[in-house]
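**Student:** This is the structure I want to talk about, given as structure tokens.
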Amino acid sequence: MMSENILSLFQDFLPSKVLKNENPTKYFNIDGITPHLIVTPENIEQISTVLRIATKNNLSVVPWGGGTKINIGNYPAKLDIVLCMSEMDKIIEMHPADMTVRVQAGTKMESIKRSLIKEGQLLPLTSPLESRATIGGTVSANVSGYHNLIYGTSRDLVIGTKFVQANGTVAKSGGNVVKNVTGYDLNKLFIGAIGTLGILAEISLKVIPLPRQMQTFLCFFSSISQALAADTQIKQLGLSPTTSFILDTNSASHVDGYKDLFQSSTVLATELYSGSSGMQKRENEMVRICHAETNSSCQIVDSQSAQSLWGQLSNFGHINHDDSALLILRCGLRPSRLKQAYDSILAELSDVNLPISAILQQSLGLIRFYVWSGGPIPTPKSLSSLITRIRLVMNELEGYTVVEQCPAETKYHCDVWGNPGNSLNLMKQVKAQFDPSSILSPGRFIGRI
Amino acid sequence: MYDEPLVSSLKSIVGSDFVICHPDDLIVYEYDGSVDKAIPDVVVLPETTAQISSILSLAHEKNIPVVCRGAGTGLSGGSIATHGGVQISLSRMTRILEIDPLNLTALVEPGVINLDITKAVAKHSLYYSPDPSSQKSCTIGGNVAENAGGPHCLKYGVTTNHVLGMEVVLEDGKVVELGGYPEAQPGYDLRGAFIGGEGTLGIATKVLVRLSRKPSITRTFMAIFADLDSASTAVTQIIGARIVPAALEMIDALAIKAIENARPMGYPRDAGAVLLIEIEGLAEDVNEESEAITSICEELGVREIRYSELAEERERLWAGRKGAFAALGSLAPNYYLVDGVVPRTRLPDVLQKIAKICSDLDLPVANVFHAGDGNLHPLIAFDERQPGSSAKALQAGEAILELCIEAGGVLTGEHGVGIEKKEYMPLMFTPDDLSIMKAFKQAFSPKSLLNPGKIFPDGKKPTQKASIRVGSFSTTDSDVWI
Ligand SMILES: Cc1cc2nc3c(=O)[nH]c(=O)nc-3n(C[C@H](O)[C@H](O)[C@H](O)COP(=O)(O)OP(=O)(O)OC[C@H]3O[C@@H](n4cnc5c(N)ncnc54)[C@H](O)[C@@H]3O)c2cc1C
């Protein structure tokens, strides 16, 4: 269908200011594919209208938050309409004493956090570029950032959702209280579903009190194994890390402001939280742990530099970053097998003859591998066969591999989500119940759902 | 209804010793901890996933409803076979299959008792965090189905925050794995949506749980207040002081009296409320939080405050709270235990209104509950021998739930909807909300054979006849608490 024809289907039902069929800079594109129409609804009724008409005319719709993670997932099978959430950006209610907040899904992460800080509270999710990223996108992409060791992810923090189904029907799940088992927990389905089940319009969240003290520590080691061992001790001693990243030696050159400091060490970056008096004890323990492992010491980072460091690490190699990686793979497996996976996969990756680095998050059982440009870029086919080989290694280790970032053409040669396991059929049935004509972000999810 | 061919097929699957169909033997499977009862046609006790899969395929082929049962401690009628059919008891699937102290996980069968996981991993200084008060008897399968909580869920979260994945047998007998290790597996979070599914989506046959490390210090406070308002204010102020205690539990005046009558704890009989506060972590942090808690309580005119970090003494401080349920038996022979949630700040107001609802109906009501997360457990005491009194108890329960919704809360915080609350669902959900839940269920169970008659309103209120089985104190021992 031509762009003008699509526009005309909506004109009678929606004010013209929310409809746009121009996209001059191709800002709105997903894996290079551009939509015919961009709708920016101002309220939930308008979202409902868009979806009703789209379903009737079999037009595909992709919700767009801040666009910071829009390129995750497979390439869209079809892209007619981008539903831009930027006007749905209000905080609906804040209940500081109950530690809950209800917001429209297009609200920017930065704006939620700014309002919460005034109340001494924190939403412990971090997305890349918080001035652009929305809560709806953050939840839909299941981005958790770096605080998740203690506070968990969206799965632990989202307590209610209001969403618009493909046929335009508005429904909700959960509520506005922190404990609730009334009816099925459909909230969970939307987390990480990248807009394939419905359009999130409102989200209720549990928030946390700002920790009294947070302190970022950097520890320097000469091997991954040493860093892993120290990391284990920090947890075992109950030093309450909110986060912990292990950067291998090749990562250093990609961290602004830390290149010289990191040099050729393996770096363990961790943030500990405590009451006002517990930090000294933690500091002593950190010094002791580092000393025991490597005879070297650890370093405390002031809070402003820490902000920049954590911002960089949760955005590492991301496409919107100046220094963006060609390929980012997220490998998940049991923490005890991390080292083995690290070694085996690095061996596979060495074939590409490009700079490679890795960041490990032991407690979460995650390694992210980054392939950087800096030589001839491999063909999509050879990248996809590399991914296949890595998946074989990960299968052996009972882990998974998701391609978080890659050149768009590579997506035509592999499924970025990998092997869906034996519940794929069930997932397809869920999708069929929520979106029977498959108009919502078609093709982008696992198994090309 | 006795169905000979069905029974003999079931016997060929699990062996004849493990199929129960004599009416006398079926009686013990007709109730759980709730209001309703119904007798299944046949009870099967499988031992393996493969057997469960065969049972479900058979039932699927014959269109027979299947209800599964853990320990039967559920408080909303979840395991009651309202439509008859086959009840699958998981009492033989109690193996702990794997403990992985390095990766902090355990893989267990669904019939494993909650507390047995903690016992099995204690030697590694680990524990399984969600601790429903029924943890000495309820099963992990039942916990998954109800998304069970407990006193320590305030800080650490409920079942869904600690179950990483499970093996599930679907209505047609297919076996699938949902979730797994580590988290953020690609795909929809079917694990998360299955938890709290109240047995209507499938049968969990293996559960992978996350284990937690024991904190270095745990300190328990018991604070006695003259009135409920000061205690409620203390709750709000403690949390306002950026302290998230591991547990924050409240006992109200009537419960205090009952406890003092049954098993004296040394609470002043005219006390308005007792707060139990537990904090954990490194000594330095615990000390700092202790100071803050003490001064908050003192400023609010606390009558007495005691604390300890020694296991034995802590147990004593908890004893009143844990013995409350049994003690409440002194109020009347029967009880109706309601489970609702309100935003924490609405507690004082809502508790006052609950008192009014019950006094208008001339029913004693005691409150022993999870104050930190606003999860109320009003216990309405009555004597079923007095005509009309069980109906009155149900009437009070309904009014309390309406009150919770009005206050911005929800129908159930941890006991589930089951049969008990299904007719109240429209108080909280629109027909569209309920339709999408039903659609979701369709994806798992197109024939709706699994645990039919639960969660969704169908016009059948718990009848007065059924309510005769409203819990009776005679069956509770002093070990049981809510
Ligand atoms: C004294 C007392 C105190 C309690 N305290 C608490 C508390 O603090 N917090 C709390 O949350 N609850 C509490 N409960 C309620 C109850 O113990 C929980 O709901 C518990 O999770 C039920 O477990 P069960 O094994 O007894 O399940 P059952 O009662 O046997 O079954 C409950 C539901 O689970 C389903 N089910 C059982 N096993 C499986 C399986 N493997 N797969 C799928 N579905 C399954 C059943 O079909 C049923 O719908 C309390 C109950 C009592 C009697």
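If you're wondering about the labels, chains in the structure tokens are A, B, ... by order shown, residues count from 1 in each chain, ligands from 1 in order shown.
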Each residue of chain B with at least one atom at most 6 Å from ligand 1 should appear once, together with its nearest atom pair and the corresponding distance in Å (one decimal); atoms considered: only C-alpha atoms and all ligand atoms; ordering: chain, then increasing residue number; output as JSON lines.
**Tutor:**
```
{"residue": "B:Asp32", "atom": "CA", "partner": "ligand 1", "partner_atom_place_in_ligand_line": "29 (O)", "distance": 5.8}
{"residue": "B:Gly33", "atom": "CA", "partner": "ligand 1", "partner_atom_place_in_ligand_line": "53 (C)", "distance": 5.0}
{"residue": "B:Val67", "atom": "CA", "partner": "ligand 1", "partner_atom_place_in_ligand_line": "47 (O)", "distance": 5.3}
{"residue": "B:Cys68", "atom": "CA", "partner": "ligand 1", "partner_atom_place_in_ligand_line": "47 (O)", "distance": 4.1}
{"residue": "B:Arg69", "atom": "CA", "partner": "ligand 1", "partner_atom_place_in_ligand_line": "30 (O)", "distance": 3.9}
{"residue": "B:Gly70", "atom": "CA", "partner": "ligand 1", "partner_atom_place_in_ligand_line": "30 (O)", "distance": 3.3}
{"residue": "B:Ala71", "atom": "CA", "partner": "ligand 1", "partner_atom_place_in_ligand_line": "26 (O)", "distance": 3.7}
{"residue": "B:Gly72", "atom": "CA", "partner": "ligand 1", "partner_atom_place_in_ligand_line": "30 (O)", "distance": 3.3}
{"residue": "B:Thr73", "atom": "CA", "partner": "ligand 1", "partner_atom_place_in_ligand_line": "26 (O)", "distance": 3.4}
{"residue": "B:Gly74", "atom": "CA", "partner": "ligand 1", "partner_atom_place_in_ligand_line": "29 (O)", "distance": 3.2}
{"residue": "B:Leu75", "atom": "CA", "partner": "ligand 1", "partner_atom_place_in_ligand_line": "15 (C)", "distance": 5.1}
{"residue": "B:Gly78", "atom": "CA", "partner": "ligand 1", "partner_atom_place_in_ligand_line": "49 (O)", "distance": 3.3}
{"residue": "B:Ser79", "atom": "CA", "partner": "ligand 1", "partner_atom_place_in_ligand_line": "48 (C)", "distance": 3.9}
{"residue": "B:Pro110", "atom": "CA", "partner": "ligand 1", "partner_atom_place_in_ligand_line": "41 (N)", "distance": 4.7}
{"residue": "B:Pro132", "atom": "CA", "partner": "ligand 1", "partner_atom_place_in_ligand_line": "8 (O)", "distance": 3.5}
{"residue": "B:Ser133", "atom": "CA", "partner": "ligand 1", "partner_atom_place_in_ligand_line": "8 (O)", "distance": 3.9}
{"residue": "B:Ser134", "atom": "CA", "partner": "ligand 1", "partner_atom_place_in_ligand_line": "3 (C)", "distance": 4.2}
{"residue": "B:Cys138", "atom": "CA", "partner": "ligand 1", "partner_atom_place_in_ligand_line": "25 (O)", "distance": 3.9}
{"residue": "B:Thr139", "atom": "CA", "partner": "ligand 1", "partner_atom_place_in_ligand_line": "25 (O)", "distance": 3.6}
{"residue": "B:Gly141", "atom": "CA", "partner": "ligand 1", "partner_atom_place_in_ligand_line": "41 (N)", "distance": 3.7}
{"residue": "B:Gly142", "atom": "CA", "partner": "ligand 1", "partner_atom_place_in_ligand_line": "23 (O)", "distance": 3.5}
{"residue": "B:Asn143", "atom": "CA", "partner": "ligand 1", "partner_atom_place_in_ligand_line": "21 (O)", "distance": 3.4}
{"residue": "B:Ala145", "atom": "CA", "partner": "ligand 1", "partner_atom_place_in_ligand_line": "34 (O)", "distance": 4.5}
{"residue": "B:Glu146", "atom": "CA", "partner": "ligand 1", "partner_atom_place_in_ligand_line": "19 (O)", "distance": 5.2}
{"residue": "B:Ala148", "atom": "CA", "partner": "ligand 1", "partner_atom_place_in_ligand_line": "11 (O)", "distance": 3.3}
{"residue": "B:Gly149", "atom": "CA", "partner": "ligand 1", "partner_atom_place_in_ligand_line": "11 (O)", "distance": 3.9}
{"residue": "B:Gly150", "atom": "CA", "partner": "ligand 1", "partner_atom_place_in_ligand_line": "8 (O)", "distance": 4.0}
{"residue": "B:Glu198", "atom": "CA", "partner": "ligand 1", "partner_atom_place_in_ligand_line": "49 (O)", "distance": 4.3}
{"residue": "B:Gly199", "atom": "CA", "partner": "ligand 1", "partner_atom_place_in_ligand_line": "44 (N)", "distance": 3.5}
{"residue": "B:Gly202", "atom": "CA", "partner": "ligand 1", "partner_atom_place_in_ligand_line": "43 (C)", "distance": 5.7}
{"residue": "B:Ile203", "atom": "CA", "partner": "ligand 1", "partner_atom_place_in_ligand_line": "42 (N)", "distance": 3.6}
{"residue": "B:Ala204", "atom": "CA", "partner": "ligand 1", "partner_atom_place_in_ligand_line": "42 (N)", "distance": 3.8}
{"residue": "B:Thr205", "atom": "CA", "partner": "ligand 1", "partner_atom_place_in_ligand_line": "41 (N)", "distance": 5.7}
{"residue": "B:Glu414", "atom": "CA", "partner": "ligand 1", "partner_atom_place_in_ligand_line": "11 (O)", "distance": 4.1}
{"residue": "B:His415", "atom": "CA", "partner": "ligand 1", "partner_atom_place_in_ligand_line": "19 (O)", "distance": 5.1}
{"residue": "B:Val480", "atom": "CA", "partner": "ligand 1", "partner_atom_place_in_ligand_line": "1 (C)", "distance": 5.0}
{"residue": "B:Trp481", "atom": "CA", "partner": "ligand 1", "partner_atom_place_in_ligand_line": "1 (C)", "distance": 4.7}
{"residue": "B:Ile482", "atom": "CA", "partner": "ligand 1", "partner_atom_place_in_ligand_line": "3 (C)", "distance": 3.9}
```
**Student:** Can you list, as a PyMOL selection string, every residue of range 110-327 of chain A that DSSP puts in helix (DSSP H, G or I)?
**Tutor:** chain A and resi 110-117+135-140+148-151+154-157+187-190+224-236+249-254+259-262+278-294+303-313
**Student:** Taking only C-alpha atoms into account, report as a ChimeraX atom specification which residues of chain B lie within 7 Å of chain A.
**Tutor:** /B:102-103,147,161,176-178,181-182,186-190,192-193,196-197,215,236,240,242,282,284-285,288,342-345,373,409-414,416-417,432-433,437,439-440,443-444,455
**Student:** Neighbours of range 77-92 of chain A within 6 Å (only C-alpha atoms; same-chain residues fewer than 5 positions away dropped), as a short mmCIF file (atom, residue, chain, number, x, y, z; two decimals) with all heavy atoms, in the first residue's frame?
**Tutor:**
```
data_model
loop_
_atom_site.label_atom_id
_atom_site.label_comp_id
_atom_site.auth_asym_id
_atom_site.auth_seq_id
_atom_site.Cartn_x
_atom_site.Cartn_y
_atom_site.Cartn_z
N PRO A 35 9.35 3.17 7.71
CA PRO A 35 7.90 3.00 7.72
C PRO A 35 7.21 3.94 6.74
O PRO A 35 7.82 4.89 6.27
CB PRO A 35 7.54 3.40 9.15
CG PRO A 35 8.58 4.42 9.52
CD PRO A 35 9.83 4.01 8.82
N HIS A 36 5.93 3.67 6.48
CA HIS A 36 5.15 4.56 5.61
C HIS A 36 4.52 5.68 6.40
O HIS A 36 4.21 6.73 5.86
CB HIS A 36 4.04 3.76 4.92
CG HIS A 36 4.58 2.68 4.05
ND1 HIS A 36 5.30 2.94 2.92
CD2 HIS A 36 4.50 1.33 4.15
CE1 HIS A 36 5.65 1.79 2.35
NE2 HIS A 36 5.17 0.80 3.09
N LEU A 37 4.29 5.43 7.66
CA LEU A 37 3.56 6.41 8.46
C LEU A 37 4.14 6.43 9.88
O LEU A 37 4.48 5.38 10.42
CB LEU A 37 2.08 6.01 8.51
CG LEU A 37 1.13 6.93 9.27
CD1 LEU A 37 0.97 8.26 8.53
CD2 LEU A 37 -0.24 6.27 9.43
N ILE A 38 4.23 7.64 10.43
CA ILE A 38 4.66 7.76 11.82
C ILE A 38 3.52 8.39 12.60
O ILE A 38 3.06 9.49 12.25
CB ILE A 38 5.93 8.63 11.93
CG1 ILE A 38 7.07 7.93 11.17
CG2 ILE A 38 6.34 8.83 13.39
CD1 ILE A 38 7.97 8.87 10.47
N VAL A 39 3.03 7.69 13.59
CA VAL A 39 1.93 8.22 14.39
C VAL A 39 2.47 8.50 15.79
O VAL A 39 3.17 7.67 16.36
CB VAL A 39 0.78 7.20 14.51
CG1 VAL A 39 -0.45 7.87 15.10
CG2 VAL A 39 0.46 6.60 13.17
N THR A 40 2.13 9.66 16.32
CA THR A 40 2.59 10.02 17.65
C THR A 40 1.37 10.29 18.53
O THR A 40 0.98 11.43 18.73
CB THR A 40 3.50 11.28 17.59
OG1 THR A 40 4.48 11.06 16.56
CG2 THR A 40 4.20 11.52 18.90
N GLU A 42 -1.33 10.91 21.50
CA GLU A 42 -1.23 11.73 22.71
C GLU A 42 -1.95 11.09 23.88
O GLU A 42 -1.88 11.56 25.00
CB GLU A 42 -1.81 13.12 22.44
CG GLU A 42 -0.95 13.89 21.46
CD GLU A 42 -1.60 15.18 21.01
OE1 GLU A 42 -2.84 15.23 20.91
OE2 GLU A 42 -0.85 16.12 20.74
N LEU A 59 -2.00 -3.77 8.61
CA LEU A 59 -0.79 -2.94 8.55
C LEU A 59 0.05 -3.23 9.79
O LEU A 59 -0.49 -3.33 10.90
CB LEU A 59 -1.18 -1.46 8.56
CG LEU A 59 -2.01 -0.98 7.37
CD1 LEU A 59 -2.52 0.43 7.62
CD2 LEU A 59 -1.18 -1.03 6.08
N SER A 60 1.34 -3.36 9.60
CA SER A 60 2.17 -3.69 10.75
C SER A 60 2.57 -2.43 11.52
O SER A 60 2.77 -1.36 10.93
CB SER A 60 3.40 -4.45 10.30
OG SER A 60 4.17 -3.61 9.48
N VAL A 61 2.69 -2.59 12.83
CA VAL A 61 2.98 -1.46 13.71
C VAL A 61 4.15 -1.81 14.62
O VAL A 61 4.15 -2.87 15.24
CB VAL A 61 1.75 -1.15 14.61
CG1 VAL A 61 2.04 0.02 15.54
CG2 VAL A 61 0.52 -0.90 13.78
N VAL A 62 5.12 -0.91 14.68
CA VAL A 62 6.21 -1.10 15.63
C VAL A 62 6.23 0.09 16.60
O VAL A 62 6.32 1.23 16.17
CB VAL A 62 7.58 -1.20 14.91
CG1 VAL A 62 8.71 -1.25 15.93
CG2 VAL A 62 7.63 -2.42 14.01
N PRO A 63 6.11 -0.18 17.91
CA PRO A 63 6.20 0.91 18.87
C PRO A 63 7.64 1.41 18.98
O PRO A 63 8.58 0.64 18.88
CB PRO A 63 5.76 0.27 20.20
CG PRO A 63 6.00 -1.19 20.01
CD PRO A 63 5.88 -1.49 18.56
N TRP A 64 7.78 2.71 19.19
CA TRP A 64 9.09 3.36 19.22
C TRP A 64 9.17 4.22 20.47
O TRP A 64 8.38 5.15 20.62
CB TRP A 64 9.22 4.22 17.95
CG TRP A 64 10.56 4.86 17.73
CD1 TRP A 64 11.13 5.84 18.46
CD2 TRP A 64 11.49 4.55 16.68
NE1 TRP A 64 12.36 6.17 17.94
CE2 TRP A 64 12.60 5.40 16.85
CE3 TRP A 64 11.49 3.64 15.61
CZ2 TRP A 64 13.70 5.39 15.98
CZ3 TRP A 64 12.58 3.62 14.75
CH2 TRP A 64 13.68 4.48 14.94
N GLY A 65 10.08 3.90 21.37
CA GLY A 65 10.24 4.70 22.59
C GLY A 65 11.20 5.82 22.30
O GLY A 65 10.86 6.82 21.70
N ARG A 102 3.57 5.46 38.97
CA ARG A 102 2.87 4.99 37.76
C ARG A 102 3.13 6.03 36.68
O ARG A 102 2.90 7.22 36.89
CB ARG A 102 1.38 4.85 38.03
CG ARG A 102 0.61 4.26 36.86
CD ARG A 102 -0.69 3.62 37.35
NE ARG A 102 -1.63 4.61 37.84
CZ ARG A 102 -2.65 5.08 37.13
NH1 ARG A 102 -2.86 4.66 35.90
NH2 ARG A 102 -3.47 5.97 37.65
N VAL A 103 3.62 5.58 35.54
CA VAL A 103 4.01 6.52 34.49
C VAL A 103 3.46 6.08 33.14
O VAL A 103 3.15 4.92 32.93
CB VAL A 103 5.56 6.62 34.37
CG1 VAL A 103 6.18 7.10 35.66
CG2 VAL A 103 6.15 5.27 33.98
N GLN A 104 3.36 7.05 32.23
CA GLN A 104 3.05 6.68 30.86
C GLN A 104 4.30 6.04 30.25
O GLN A 104 5.43 6.41 30.61
CB GLN A 104 2.64 7.91 30.07
CG GLN A 104 1.27 8.44 30.50
CD GLN A 104 0.79 9.56 29.60
OE1 GLN A 104 1.57 10.41 29.16
NE2 GLN A 104 -0.51 9.58 29.34
N GLY A 106 5.85 6.28 27.56
CA GLY A 106 6.81 7.07 26.80
C GLY A 106 7.65 8.01 27.65
O GLY A 106 8.43 8.80 27.14
N THR A 107 7.48 7.94 28.97
CA THR A 107 8.24 8.82 29.86
C THR A 107 9.73 8.47 29.79
O THR A 107 10.10 7.30 29.83
CB THR A 107 7.74 8.69 31.31
OG1 THR A 107 6.32 8.74 31.30
CG2 THR A 107 8.28 9.81 32.19
N PRO A 442 6.06 -7.58 13.55
CA PRO A 442 6.16 -8.94 13.04
C PRO A 442 7.59 -9.32 12.64
O PRO A 442 8.32 -8.50 12.09
CB PRO A 442 5.25 -8.93 11.81
CG PRO A 442 5.16 -7.50 11.40
CD PRO A 442 5.24 -6.71 12.67
N GLY A 443 7.94 -10.53 12.95
CA GLY A 443 9.23 -11.08 12.51
C GLY A 443 10.40 -10.76 13.40
O GLY A 443 11.46 -11.36 13.28
#
```
**Student:** Please extract the residues of range 279-420 of chain B with a backbone DSSP assignment of strand (DSSP E) and present them as a PyMOL selection string.
**Tutor:** chain B and resi 279-281+304-308+334-337+340-341+365-370+375-376+378-382
**Student:** Write out as a ChimeraX atom specification which residues come within 10 Å of Gln405 in chain A when counting only C-alpha atoms, dropping same-chain ones fewer than 2 positions away.
**Tutor:** /A:69,71-73,317-319,324-330,370-371,402-403,407-408,410-411,416
**Student:** Give me a file of those residues, with N, CA, C and O atoms, as a JSON list (two decimals), in the first residue's frame.
**Tutor:**
```json
[["chain", "number", "residue", "atom", "x", "y", "z"],
["A", 69, "LYS", "N", 17.19, 1.32, 21.48],
["A", 69, "LYS", "CA", 17.40, -0.13, 21.37],
["A", 69, "LYS", "C", 16.55, -0.69, 20.23],
["A", 69, "LYS", "O", 16.20, -1.87, 20.23],
["A", 71, "ASN", "N", 17.18, -1.38, 17.37],
["A", 71, "ASN", "CA", 17.80, -2.34, 16.45],
["A", 71, "ASN", "C", 18.05, -3.72, 17.05],
["A", 71, "ASN", "O", 18.67, -4.56, 16.42],
["A", 72, "ILE", "N", 17.56, -3.95, 18.25],
["A", 72, "ILE", "CA", 17.66, -5.32, 18.75],
["A", 72, "ILE", "C", 16.58, -6.14, 18.05],
["A", 72, "ILE", "O", 15.58, -5.61, 17.58],
["A", 73, "GLY", "N", 16.79, -7.41, 17.98],
["A", 73, "GLY", "CA", 15.79, -8.26, 17.34],
["A", 73, "GLY", "C", 16.11, -8.50, 15.89],
["A", 73, "GLY", "O", 17.03, -7.92, 15.31],
["A", 317, "GLY", "N", 30.01, -0.14, 23.73],
["A", 317, "GLY", "CA", 30.00, -0.55, 22.33],
["A", 317, "GLY", "C", 28.68, -0.34, 21.62],
["A", 317, "GLY", "O", 28.51, -0.72, 20.46],
["A", 318, "HIS", "N", 27.73, 0.28, 22.32],
["A", 318, "HIS", "CA", 26.39, 0.45, 21.77],
["A", 318, "HIS", "C", 26.40, 1.34, 20.55],
["A", 318, "HIS", "O", 27.21, 2.26, 20.44],
["A", 319, "ILE", "N", 25.48, 1.09, 19.65],
["A", 319, "ILE", "CA", 25.43, 1.76, 18.37],
["A", 319, "ILE", "C", 25.39, 3.29, 18.49],
["A", 319, "ILE", "O", 25.92, 3.99, 17.65],
["A", 324, "SER", "N", 31.46, 2.49, 18.55],
["A", 324, "SER", "CA", 30.47, 1.41, 18.57],
["A", 324, "SER", "C", 31.02, 0.12, 17.98],
["A", 324, "SER", "O", 31.82, 0.13, 17.05],
["A", 325, "ALA", "N", 30.60, -0.98, 18.57],
["A", 325, "ALA", "CA", 31.12, -2.27, 18.14],
["A", 325, "ALA", "C", 30.36, -2.78, 16.93],
["A", 325, "ALA", "O", 29.18, -2.49, 16.75],
["A", 326, "LEU", "N", 31.07, -3.54, 16.13],
["A", 326, "LEU", "CA", 30.46, -4.14, 14.95],
["A", 326, "LEU", "C", 29.47, -5.23, 15.36],
["A", 326, "LEU", "O", 28.39, -5.38, 14.82],
["A", 327, "LEU", "N", 29.90, -5.97, 16.36],
["A", 327, "LEU", "CA", 29.12, -7.13, 16.78],
["A", 327, "LEU", "C", 29.14, -7.19, 18.31],
["A", 327, "LEU", "O", 30.20, -7.05, 18.93],
["A", 328, "ILE", "N", 27.96, -7.36, 18.91],
["A", 328, "ILE", "CA", 27.91, -7.61, 20.36],
["A", 328, "ILE", "C", 27.14, -8.90, 20.58],
["A", 328, "ILE", "O", 26.01, -9.04, 20.12],
["A", 329, "LEU", "N", 27.77, -9.82, 21.27],
["A", 329, "LEU", "CA", 27.10, -11.09, 21.58],
["A", 329, "LEU", "C", 26.91, -11.19, 23.08],
["A", 329, "LEU", "O", 27.84, -10.93, 23.85],
["A", 330, "ARG", "N", 25.70, -11.53, 23.49],
["A", 330, "ARG", "CA", 25.46, -11.77, 24.91],
["A", 330, "ARG", "C", 25.38, -13.27, 25.12],
["A", 330, "ARG", "O", 24.52, -13.93, 24.54],
["A", 370, "TYR", "N", 32.64, -8.34, 22.30],
["A", 370, "TYR", "CA", 32.56, -7.20, 21.38],
["A", 370, "TYR", "C", 33.57, -7.39, 20.27],
["A", 370, "TYR", "O", 34.75, -7.63, 20.54],
["A", 371, "VAL", "N", 33.10, -7.31, 19.03],
["A", 371, "VAL", "CA", 34.02, -7.30, 17.90],
["A", 371, "VAL", "C", 34.02, -5.89, 17.35],
["A", 371, "VAL", "O", 32.95, -5.35, 17.04],
["A", 402, "VAL", "N", 22.79, -14.52, 22.36],
["A", 402, "VAL", "CA", 21.92, -13.58, 21.66],
["A", 402, "VAL", "C", 22.80, -12.54, 20.98],
["A", 402, "VAL", "O", 23.76, -12.05, 21.58],
["A", 403, "VAL", "N", 22.49, -12.23, 19.72],
["A", 403, "VAL", "CA", 23.24, -11.19, 19.02],
["A", 403, "VAL", "C", 22.56, -9.86, 19.38],
["A", 403, "VAL", "O", 21.44, -9.60, 18.96],
["A", 407, "PRO", "N", 25.71, -5.80, 12.02],
["A", 407, "PRO", "CA", 25.31, -5.08, 10.83],
["A", 407, "PRO", "C", 23.97, -5.63, 10.34],
["A", 407, "PRO", "O", 23.73, -6.84, 10.41],
["A", 408, "ALA", "N", 23.08, -4.72, 9.88],
["A", 408, "ALA", "CA", 21.72, -5.13, 9.51],
["A", 408, "ALA", "C", 21.70, -6.32, 8.55],
["A", 408, "ALA", "O", 20.89, -7.23, 8.69],
["A", 410, "THR", "N", 23.58, -8.80, 8.30],
["A", 410, "THR", "CA", 23.85, -10.10, 8.94],
["A", 410, "THR", "C", 22.55, -10.75, 9.40],
["A", 410, "THR", "O", 22.43, -11.97, 9.43],
["A", 411, "LYS", "N", 21.57, -9.90, 9.75],
["A", 411, "LYS", "CA", 20.31, -10.44, 10.27],
["A", 411, "LYS", "C", 19.56, -11.27, 9.23],
["A", 411, "LYS", "O", 18.66, -12.03, 9.58],
["A", 416, "VAL", "N", 18.80, -13.64, 15.42],
["A", 416, "VAL", "CA", 19.64, -13.05, 16.46],
["A", 416, "VAL", "C", 19.38, -13.66, 17.84],
["A", 416, "VAL", "O", 20.20, -13.57, 18.73]]
```
**Student:** Using CA of Ile96 in chain B and CA of Glu109 in chain B as the two end points, give the distance in Å to one decimal.
**Tutor:** 6.2 Å
**Student:** Excluding Ser8 in chain A and any residue of its chain fewer than 4 positions from it, enumerate the residues within 12 Å of it, using only C-alpha atoms, and give them as a list in words.
**Tutor:**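 These residues fall inside the cut-off: Met1, Met2, Ser3, Glu4, Asp12, Phe13, Leu14, Pro15, Ser16, Leu19, Lys20, Asn21, His36, Leu37, Ile53 and Asn57 of chain A.
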**Student:** Val302 in chain B: which residues within 7 Å, counting only C-alpha atoms, same-chain residues fewer than 6 positions away excluded, as a ChimeraX atom specification?
**Tutor:** /B:223-225
**Student:** Would you write out those residues with all heavy atoms, as a CSV table (one decimal), in the first residue's frame?
**Tutor:**
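Dumped everything to selection.csv:
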```
chain,number,residue,atom,x,y,z
B,223,ALA,N,8.7,-4.5,69.2
B,223,ALA,CA,8.4,-3.2,69.7
B,223,ALA,C,6.9,-3.2,70.0
B,223,ALA,O,6.1,-3.5,69.2
B,223,ALA,CB,8.7,-2.1,68.7
B,224,ILE,N,6.6,-2.8,71.3
B,224,ILE,CA,5.2,-2.8,71.8
B,224,ILE,C,4.7,-1.4,71.8
B,224,ILE,O,5.3,-0.5,72.4
B,224,ILE,CB,5.1,-3.4,73.2
B,224,ILE,CG1,5.7,-4.9,73.1
B,224,ILE,CG2,3.7,-3.4,73.7
B,224,ILE,CD1,5.8,-5.5,74.5
B,225,PHE,N,3.6,-1.2,71.1
B,225,PHE,CA,3.0,0.2,71.1
B,225,PHE,C,1.7,0.3,71.8
B,225,PHE,O,1.0,-0.7,71.8
B,225,PHE,CB,2.8,0.6,69.6
B,225,PHE,CG,4.1,0.9,68.9
B,225,PHE,CD1,4.8,-0.1,68.3
B,225,PHE,CD2,4.7,2.2,68.9
B,225,PHE,CE1,6.0,0.2,67.6
B,225,PHE,CE2,5.9,2.5,68.3
B,225,PHE,CZ,6.5,1.5,67.6
```
